[in-house]
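For reference, input.cif is printed below; it contains mmCIF, C-alpha atoms.
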data_start
#
loop_
_atom_site.label_atom_id
_atom_site.label_comp_id
_atom_site.auth_asym_id
_atom_site.auth_seq_id
_atom_site.Cartn_x
_atom_site.Cartn_y
_atom_site.Cartn_z
CA MET A 589 77.66 146.29 38.09
CA THR A 590 78.09 142.52 38.02
CA HIS A 591 76.17 140.14 40.30
CA GLU A 592 76.35 136.40 40.73
CA LEU A 593 73.03 134.89 39.77
CA SER A 594 72.34 133.83 43.33
CA THR A 595 71.40 137.51 43.84
CA PHE A 596 69.73 137.85 40.44
CA PRO A 597 65.92 137.67 40.29
CA TYR A 598 65.01 134.06 39.52
CA LEU A 599 62.01 135.03 37.37
CA ARG A 600 64.19 136.92 34.86
CA LEU A 601 66.43 133.90 34.48
CA MET A 602 63.48 131.56 33.88
CA ASP A 603 62.02 133.91 31.24
CA LEU A 604 65.18 133.56 29.15
CA LEU A 605 66.48 130.11 30.01
CA ILE A 606 63.82 127.44 29.80
CA PRO A 607 64.52 123.85 30.89
CA LEU A 608 65.81 121.77 27.98
CA HIS A 609 65.66 118.07 27.14
CA LEU A 610 69.31 117.79 28.08
CA PRO A 611 70.83 117.19 31.52
CA PRO A 612 71.30 120.30 33.69
CA TYR A 613 74.86 121.54 34.10
CA PRO A 614 76.46 123.92 36.66
CA PHE A 615 77.11 126.93 34.44
CA LYS A 616 78.73 130.09 35.76
CA ILE A 617 76.16 132.77 34.89
CA THR A 618 76.33 136.38 36.01
CA ASP A 619 74.20 139.47 35.54
CA HIS A 620 76.18 142.35 34.09
CA ASP A 621 74.03 145.50 34.02
CA GLY A 622 70.90 143.53 33.17
CA GLN A 623 72.57 141.26 30.62
CA LEU A 624 73.15 137.60 31.41
CA ILE A 625 76.72 136.45 30.83
CA LEU A 626 77.93 132.84 30.80
CA PHE A 627 81.50 131.61 31.00
CA ASP A 628 82.17 129.42 27.96
CA VAL A 629 84.61 126.62 28.86
CA ILE A 630 85.53 125.97 25.22
CA ARG A 631 86.26 129.54 24.15
CA LYS A 632 87.48 130.37 27.68
CA LYS A 633 85.65 133.69 27.83
CA ASN A 634 82.43 135.29 28.97
CA ILE A 635 79.67 135.44 26.36
CA VAL A 636 76.21 136.99 26.22
CA LEU A 637 73.61 134.38 27.06
CA THR A 638 70.85 134.13 24.45
CA PRO A 639 68.31 131.30 24.05
CA GLU A 640 70.41 129.79 21.22
CA GLU A 641 73.58 130.05 23.30
CA TRP A 642 71.74 128.33 26.17
CA VAL A 643 71.12 125.37 23.82
CA ARG A 644 74.69 125.43 22.43
CA GLN A 645 76.26 125.43 25.91
CA HIS A 646 74.04 122.56 27.09
CA PHE A 647 74.82 120.52 24.00
CA VAL A 648 78.56 121.09 24.43
CA GLN A 649 78.33 119.83 28.01
CA TYR A 650 76.27 116.85 26.80
CA LEU A 651 79.06 116.03 24.34
CA ILE A 652 81.76 116.34 27.00
CA VAL A 653 80.05 114.78 30.03
CA GLN A 654 77.67 112.18 28.60
CA LYS A 655 79.31 111.31 25.28
CA LYS A 656 82.97 111.75 26.34
CA TYR A 657 84.02 114.00 23.45
CA PRO A 658 87.35 115.66 24.38
CA LYS A 659 86.91 119.35 25.13
CA SER A 660 90.12 120.10 23.24
CA LEU A 661 88.61 118.74 19.98
CA ILE A 662 85.48 120.92 20.07
CA LYS A 663 85.27 124.22 18.20
CA LEU A 664 82.37 126.67 18.61
CA GLU A 665 81.06 129.09 16.02
CA GLY A 666 83.72 128.24 13.49
CA GLY A 667 83.64 130.37 10.38
CA HIS A 668 83.49 128.98 6.87
CA LYS A 669 82.62 130.19 3.38
CA LEU A 670 79.60 128.88 1.50
CA HIS A 671 79.02 130.14 -2.04
CA GLY A 672 81.32 133.07 -1.27
CA GLN A 673 79.41 134.12 1.86
CA ALA A 674 80.75 133.97 5.40
CA LYS A 675 78.82 131.53 7.61
CA ARG A 676 79.24 130.19 11.14
CA SER A 677 78.83 126.59 12.25
CA ASP A 678 77.64 126.22 15.84
CA ILE A 679 79.69 123.21 16.93
CA ILE A 680 82.34 121.22 15.08
CA VAL A 681 84.10 118.23 16.63
CA TYR A 682 87.38 116.86 15.30
CA ASN A 683 89.16 113.55 15.78
CA THR A 684 92.79 113.40 16.87
CA ALA A 685 93.89 113.39 13.21
CA GLY A 686 92.25 116.81 12.75
CA GLU A 687 89.34 115.51 10.65
CA LYS A 688 85.86 116.92 11.22
CA ILE A 689 83.70 114.13 12.60
CA LEU A 690 80.59 115.93 13.91
CA LEU A 691 78.70 119.05 12.85
CA VAL A 692 76.01 120.35 15.22
CA GLU A 693 73.48 123.05 14.36
CA CYS A 694 71.81 124.65 17.38
CA LYS A 695 68.63 126.70 17.36
CA ALA A 696 66.76 128.52 20.11
CA PRO A 697 64.04 126.44 21.79
CA SER A 698 61.39 128.61 20.11
CA VAL A 699 62.69 127.69 16.63
CA ALA A 700 61.04 124.64 15.08
CA ILE A 701 63.32 122.01 13.60
CA ASP A 702 61.95 121.86 10.07
CA GLN A 703 63.12 121.24 6.52
CA HIS A 704 64.69 124.70 6.36
CA VAL A 705 66.97 123.84 9.31
CA PHE A 706 67.92 120.47 7.80
CA ASP A 707 68.67 122.20 4.48
CA GLN A 708 70.90 124.71 6.30
CA VAL A 709 72.95 122.03 8.05
CA ALA A 710 73.19 120.03 4.80
CA ARG A 711 74.61 123.10 3.03
CA TYR A 712 77.11 123.67 5.85
CA ASN A 713 78.13 120.04 5.72
CA MET A 714 78.92 120.37 2.00
CA VAL A 715 81.89 122.40 3.28
CA HIS A 716 82.74 120.43 6.44
CA LYS A 717 82.08 116.87 5.21
CA ALA A 718 81.45 115.52 8.72
CA ARG A 719 80.16 111.94 8.84
CA LEU A 720 77.87 112.77 11.78
CA VAL A 721 75.39 115.63 11.89
CA ALA A 722 73.19 116.76 14.77
CA VAL A 723 70.41 119.33 14.84
CA THR A 724 68.90 120.53 18.12
CA ASN A 725 66.76 123.26 19.62
CA GLY A 726 67.34 121.85 23.08
CA LEU A 727 63.90 120.25 23.09
CA GLN A 728 64.24 118.08 20.00
CA HIS A 729 67.45 116.42 18.79
CA TYR A 730 68.09 114.71 15.46
CA PHE A 731 71.21 112.74 14.59
CA CYS A 732 72.31 111.52 11.15
CA ARG A 733 75.14 109.46 9.77
CA VAL A 734 76.23 110.80 6.38
CA ASN A 735 77.55 108.58 3.60
CA PHE A 736 79.40 110.70 1.05
CA ASP A 737 80.09 107.72 -1.22
CA ASP A 738 76.44 107.38 -2.20
CA SER A 739 75.22 110.87 -1.11
CA SER A 740 72.87 109.47 1.50
CA TYR A 741 72.13 109.95 5.16
CA ARG A 742 70.54 107.80 7.82
CA PHE A 743 68.86 109.05 10.99
CA VAL A 744 70.08 107.36 14.16
CA ALA A 745 68.33 107.32 17.54
CA GLU A 746 71.40 108.22 19.59
CA LEU A 747 74.53 110.22 19.02
CA PRO A 748 77.47 107.81 19.33
CA ALA A 749 79.94 108.37 22.14
CA TYR A 750 83.36 109.60 21.07
CA GLY A 751 84.92 106.16 21.50
CA GLU A 752 82.28 104.56 19.23
CA ILE A 753 83.05 106.63 16.15
#
Show the structure stored in the file as structure tokens.
Amino acid sequence: MTHELSTFPYLRLMDLLIPLHLPPYPFKITDHDGQLILFDVIRKKNIVLTPEEWVRQHFVQYLIVQKKYPKSLIKLEGGHKLHGQAKRSDIIVYNTAGEKILLVECKAPSVAIDQHVFDQVARYNMVHKARLVAVTNGLQHYFCRVNFDDSSYRFVAELPAYGEI
């Protein structure tokens, strides 16, 4: 049985979906036999709502609403191969020429952003070669500009808007 969340116990929702350090957005969330389901506007389908997905969906909306990244240029959970193993990147943003311009790694709020997470996104970016990289757990956000010419990166305070890239 599926219920709109307006009839779903509020406490259950708050146990799973903590407030993040991102603006709130009007997601369509339903309860389907005890499992929370969210409609993903990028993939255009219902997905199971986990703490990591809660962060990913907020960050996607942040990109679209606050930073004006075109929805049509955002890809979620794109597959790639790294050292022969299949991996998934959380969010990849392209420019209109089809070049990857932003790689975002999302973690659940309970996951600390540490060196291991930065190493993971650096490995993924060896494949993608995006000039901007973001790492977030919804509570902390880190943004870097990558320079492939001299193999360096520089942390920046704010993620540039799409028109500033």
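Once the PyMOL selection byres ((chain A and resi 630) around 12) is applied to the shown structure, the selection contains Leu626, Phe627, Asp628, Val629, Arg631, Lys632, Lys633, Asn634, Ile635, Arg644, Gln645, Val648, Gln649, Leu651, Ile652, Pro658, Lys659, Ser660, Leu661, Ile662, Lys663, Leu664, Glu665, Ile679, Ile680 and Val681 of chain A.
With all atoms listed in the file taken into account, the protein and nucleic acid residues at most 9 Å from Trp642 (chain A) (excluding it and anything under 4 positions from it in its own chain) are Leu604, Leu605, Ile606, Leu626, Leu637, Thr638, His646, Phe647, Ala696 and Gly726 of chain A.
Distance annotation: of A:His729, A:Tyr657, A:Ser677, A:Asn683, the residue with the minimal separation from Ala700 (chain A) is A:His729; atom set is all atoms listed in the file.
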Name the residues captured by the PyMOL selection byres ((chain A and resi 612-614) around 10) when it is applied to the shown file; answer as number ranges by chain. A: 607-611, 615-617, 645-646, 649-650, 653
Polymer residues at most 12 Å from region 735-744 of chain A, all atoms listed in the file, same-chain spacing of 2 or more positions, as a ChimeraX atom specification: /A:706,710,713-714,716-723,729-733,746-748
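One finds CA of Tyr682 (chain A) at 22.1 Å from CA of Glu640 (chain A).
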Expected selection from the PyMOL selection byres ((chain A and resi 725) around 7), given as JSON, numbers by chain: {"A": [643, 694, 695, 696, 697, 699, 724, 726, 727, 728, 729]}
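For the atom pair formed by CA of Glu687 (chain A) and CA of Gln708 (chain A), the distance is 21.1 Å, given to one decimal.
Between CA of Arg676 (chain A) and CA of Leu624 (chain A) the interatomic distance comes to 22.4 Å.
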Would you compute an axis-aligned box for region 707-710 of chain A, covering every atom listed for it in the file with 6 Å of margin on each side, and report centre and edge lengths in Å to one decimal as JSON?
{"center_x": 70.9, "center_y": 122.4, "center_z": 6.3, "size_x": 16.5, "size_y": 16.7, "size_z": 15.6}
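Residue nearest Glu693 (chain A) within the list A:Asp619, A:Asp678, A:Glu641, A:Glu752: A:Asp678 [criterion: smallest interatomic distance, all atoms listed in the file].
You can rank A:Val734, A:Ile753, A:Val705, A:Val715 by their closest distance to Thr684 (chain A) using only C-alpha atoms, and at the top of that list sits A:Ile753.
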